[in-house]
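Peer 1: Please read through the structure below; I'll follow up with questions.
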Amino acid sequence: LEFVWFDVEDLQNDVAHDISGNIQTTLAPLQAPKAVQHKRLDPETHELYLRGRYFLARRSAESMTAAVGYFQQAIQRDPRYAQAYAGLAATYDMLGSIEWLPPNKAFPSAIEFANKALQLDDTLSEAYTARAVAECYYELNWVAADRDFQRAIALDPSSALAHHWYGEYFTGLGDAERAISELKIARQLDPLSFPLNMALARMYREAHRYDEGIQLCKQTLNMDPDFGMAHWALGQIYLAKRQYVDALSELKRANELGTTPLVVCDIGCVYAAMGKKREARAILNSLRKKGQFSYVPSYLIASIYSQLGERDEALQWLNKAFDERDGISYLAADPMMDPLRSDPRFAHLIERLHIPK
């Protein structure tokens, strides 16, 4: 799936007429109170920006495509609209972090658009957040990322977005409890955000607070039974808790609602953990075959090899993922890599992340 500058007019016409009225109130808190007010911004340009934010929050490949298109249209109408550039940066961050786009395509674009936004408005909290995400996910520049996150929060302490990604940052440092603290702040600021609920649920998993994560996923699914990300997060928690039948059920449902290599990989990990090596290897081979003509993260291949107990292959693919900056920032905390932690080669990879103490 390629994400380029394109026309989304057909999709735009399919969106319900009342979206813009509903989302303006919802998204208003995302705008930094101290931000430089954009002069003479016409309502249609602002509506395009709001539609981009709406689709960005949906967290699917299709919605990301739509978000890119709306932000592009806003910029085409007004090339000096800083928030639209920041929206593009945030979208490319998401495309890279959820691994729908190769890191070398997603994160440099995020940095480029974030810097453009800051050139136009250096008080824009969202732009500092977007740049910080790329700095830690792709550049592994933890110090610069921390500085930008703190700047974003200082400019807008009520930014759920900044606190959310700052929590993800601490996950990369292997500090699950600090990650949970930041994500709880974000959730208090935006209590109706389903993606925030799932981010917090994943952090509960990494802190081995499984029951809290399960409860949060189920609460979300009570509100929207077809929210695929909640089924995915719940499946991950059940996998970590070794409730493999439940994990497989939730992950298969997530796959039905919107298949991605991430979900397919986790299904393979469940099969491997259950001792069903033939099924796990079938998924592994299908991902490797798919990777010959489209993007499949090397990190995912390494995860299944890790669960199969095949250390040499897992570490070979992890080194490839490191070179590609492919999901590697989560290596210190990822429970799927636990079978590798006693291997000196894995310890060397952790050292190469240069995680600050």
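For the structure tokens, the naming scheme is as follows: chains receive sequential letters (A, B, ...) according to their order of presentation, residues are indexed from 1 within each chain, and ligands are indexed from 1 in presentation order.
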Could you name the residues that touch segment 86-103 of chain A at 6 Å or less, counting only C-alpha atoms, but leaving out those on the same chain fewer than 5 positions away, as a PyMOL selection string?

Peer 2: chain A and resi 110+113-114+117+127+130

Peer 1: Choose the residue, out of A:Trp165, A:Tyr210, A:Tyr137, A:Tyr70, that has the smallest atom-to-atom separation from Ala233 of chain A; count only C-alpha atoms.

Peer 2: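 Among the listed residues, the smallest separation from Ala233 of chain A belongs to A:Tyr210.
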
Peer 1: Using only C-alpha atoms, find the one residue out of A:Asn141, A:Thr171, A:Ser63, A:Thr129 that sits nearest to Leu155 of chain A.

Peer 2: A:Thr129

Peer 1: Using atom CA of Trp317 of chain A and atom CA of Ala176 of chain A as the two end points, give the distance in Å to one decimal.

Peer 2: 25.2 Å

Peer 1: Check the smallest atom-to-atom distance from each of A:Leu173, A:Ala84, A:Ala134, A:Ala201 to Leu118 of chain A using only C-alpha atoms, then report the winner.

Peer 2: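 Checking each candidate against Leu118 of chain A, we get A:Ala84 as the closest.
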
Peer 1: I need the residue nearest Tyr85 of chain A from this list: A:Ala106, A:Cys269, A:Ile111, A:Ile328. Use only C-alpha atoms for the distance.

Peer 2: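 Smallest distance to Tyr85 of chain A is found for A:Ile111.
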
Peer 1: Counting only C-alpha atoms, give me one row per residue of segment 139-232 of chain A with an atom at most 10 Å from an atom of segment 334-350 of chain A, showing the shortest contact pair and its distance in Å to one decimal, sorted by chain then residue number, as JSON lines.

Peer 2:
```
{"residue": "A:Thr171", "atom": "CA", "partner": "A:Asp334", "partner_atom": "CA", "distance": 9.1}
{"residue": "A:Gly172", "atom": "CA", "partner": "A:Asp334", "partner_atom": "CA", "distance": 9.1}
{"residue": "A:Gly174", "atom": "CA", "partner": "A:Asp334", "partner_atom": "CA", "distance": 8.8}
{"residue": "A:Arg205", "atom": "CA", "partner": "A:Pro335", "partner_atom": "CA", "distance": 8.7}
{"residue": "A:Glu206", "atom": "CA", "partner": "A:Pro335", "partner_atom": "CA", "distance": 6.9}
{"residue": "A:Ala207", "atom": "CA", "partner": "A:Pro335", "partner_atom": "CA", "distance": 9.9}
{"residue": "A:His208", "atom": "CA", "partner": "A:Pro335", "partner_atom": "CA", "distance": 9.6}
```

Peer 1: Emit the selected residues as a CSV table (one decimal), in the first residue's frame, including N, CA and C atoms.

Peer 2:
```
chain,number,residue,atom,x,y,z
A,171,THR,N,7.8,3.2,27.3
A,171,THR,CA,7.8,1.7,26.9
A,171,THR,C,9.1,1.3,26.3
A,172,GLY,N,9.6,2.1,25.3
A,172,GLY,CA,10.9,1.8,24.7
A,172,GLY,C,12.0,1.8,25.7
A,174,GLY,N,11.8,0.6,28.5
A,174,GLY,CA,11.6,-0.5,29.4
A,174,GLY,C,11.0,-0.1,30.8
A,205,ARG,N,-0.1,-5.0,30.0
A,205,ARG,CA,0.5,-6.3,29.6
A,205,ARG,C,2.0,-6.3,29.9
A,206,GLU,N,2.7,-5.3,29.5
A,206,GLU,CA,4.1,-5.3,29.6
A,206,GLU,C,4.5,-5.1,31.1
A,207,ALA,N,3.6,-4.6,31.9
A,207,ALA,CA,3.9,-4.5,33.4
A,207,ALA,C,3.4,-5.7,34.1
A,208,HIS,N,2.9,-6.7,33.3
A,208,HIS,CA,2.4,-8.0,33.9
A,208,HIS,C,1.1,-7.7,34.7
```

Peer 1: I'd like the contact shell of Arg53 of chain A - 7 Å cut-off, only C-alpha atoms, skipping same-chain residues fewer than 4 positions apart - returned as a CSV table (one decimal) with all heavy atoms, in the first residue's frame.

Peer 2:
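Everything below was put into out_4.csv:
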```
chain,number,residue,atom,x,y,z
A,49,TYR,N,-9.0,19.9,7.6
A,49,TYR,CA,-8.1,19.6,8.7
A,49,TYR,C,-8.8,18.7,9.7
A,49,TYR,O,-8.3,17.7,10.2
A,49,TYR,CB,-7.5,20.8,9.4
A,49,TYR,CG,-6.9,20.5,10.7
A,49,TYR,CD1,-5.6,20.0,10.7
A,49,TYR,CD2,-7.5,20.8,11.9
A,49,TYR,CE1,-5.0,19.7,11.9
A,49,TYR,CE2,-6.9,20.5,13.1
A,49,TYR,CZ,-5.6,20.0,13.1
A,49,TYR,OH,-5.0,19.7,14.3
A,57,ALA,N,-7.8,9.3,13.8
A,57,ALA,CA,-8.2,8.7,15.1
A,57,ALA,C,-8.8,7.3,14.9
A,57,ALA,O,-8.9,6.5,15.8
A,57,ALA,CB,-9.3,9.5,15.8
A,67,ALA,N,-6.9,10.3,5.9
A,67,ALA,CA,-6.3,11.4,6.7
A,67,ALA,C,-5.2,12.1,5.9
A,67,ALA,O,-5.2,13.3,5.8
A,67,ALA,CB,-5.8,10.8,8.0
```

Peer 1: Counting only C-alpha atoms, figure out which residue out of A:Gln119, A:Ala144, A:Met203, A:Ile214 gets nearest to Asp175 of chain A.

Peer 2: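 Among the listed residues, A:Met203 lies closest to Asp175 of chain A.
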
Peer 1: Enumerate as a PyMOL selection string all residues of segment 69-294 of chain A assigned to alpha helix (DSSP H) by DSSP on the backbone, naming them with the chain letters and numbers the document uses.

Peer 2: chain A and resi 69-77+82-97+103-120+125-137+142-155+160-172+176-189+194-206+210-223+228-240+244-257+261-273+277-290

Peer 1: Which one is closest to Tyr295 of chain A: A:Ile75, A:Leu262, A:Leu192, A:Leu56? Count only C-alpha atoms.

Peer 2: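 Going through A:Ile75, A:Leu262, A:Leu192, A:Leu56 one by one, the smallest distance to Tyr295 of chain A is for A:Leu262.
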
Peer 1: What's the separation between atom CA of Pro356 of chain A and atom CA of Leu318 of chain A, in Å to one decimal place?

Peer 2: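 Going from atom CA of Pro356 of chain A over to atom CA of Leu318 of chain A covers 20.8 Å.
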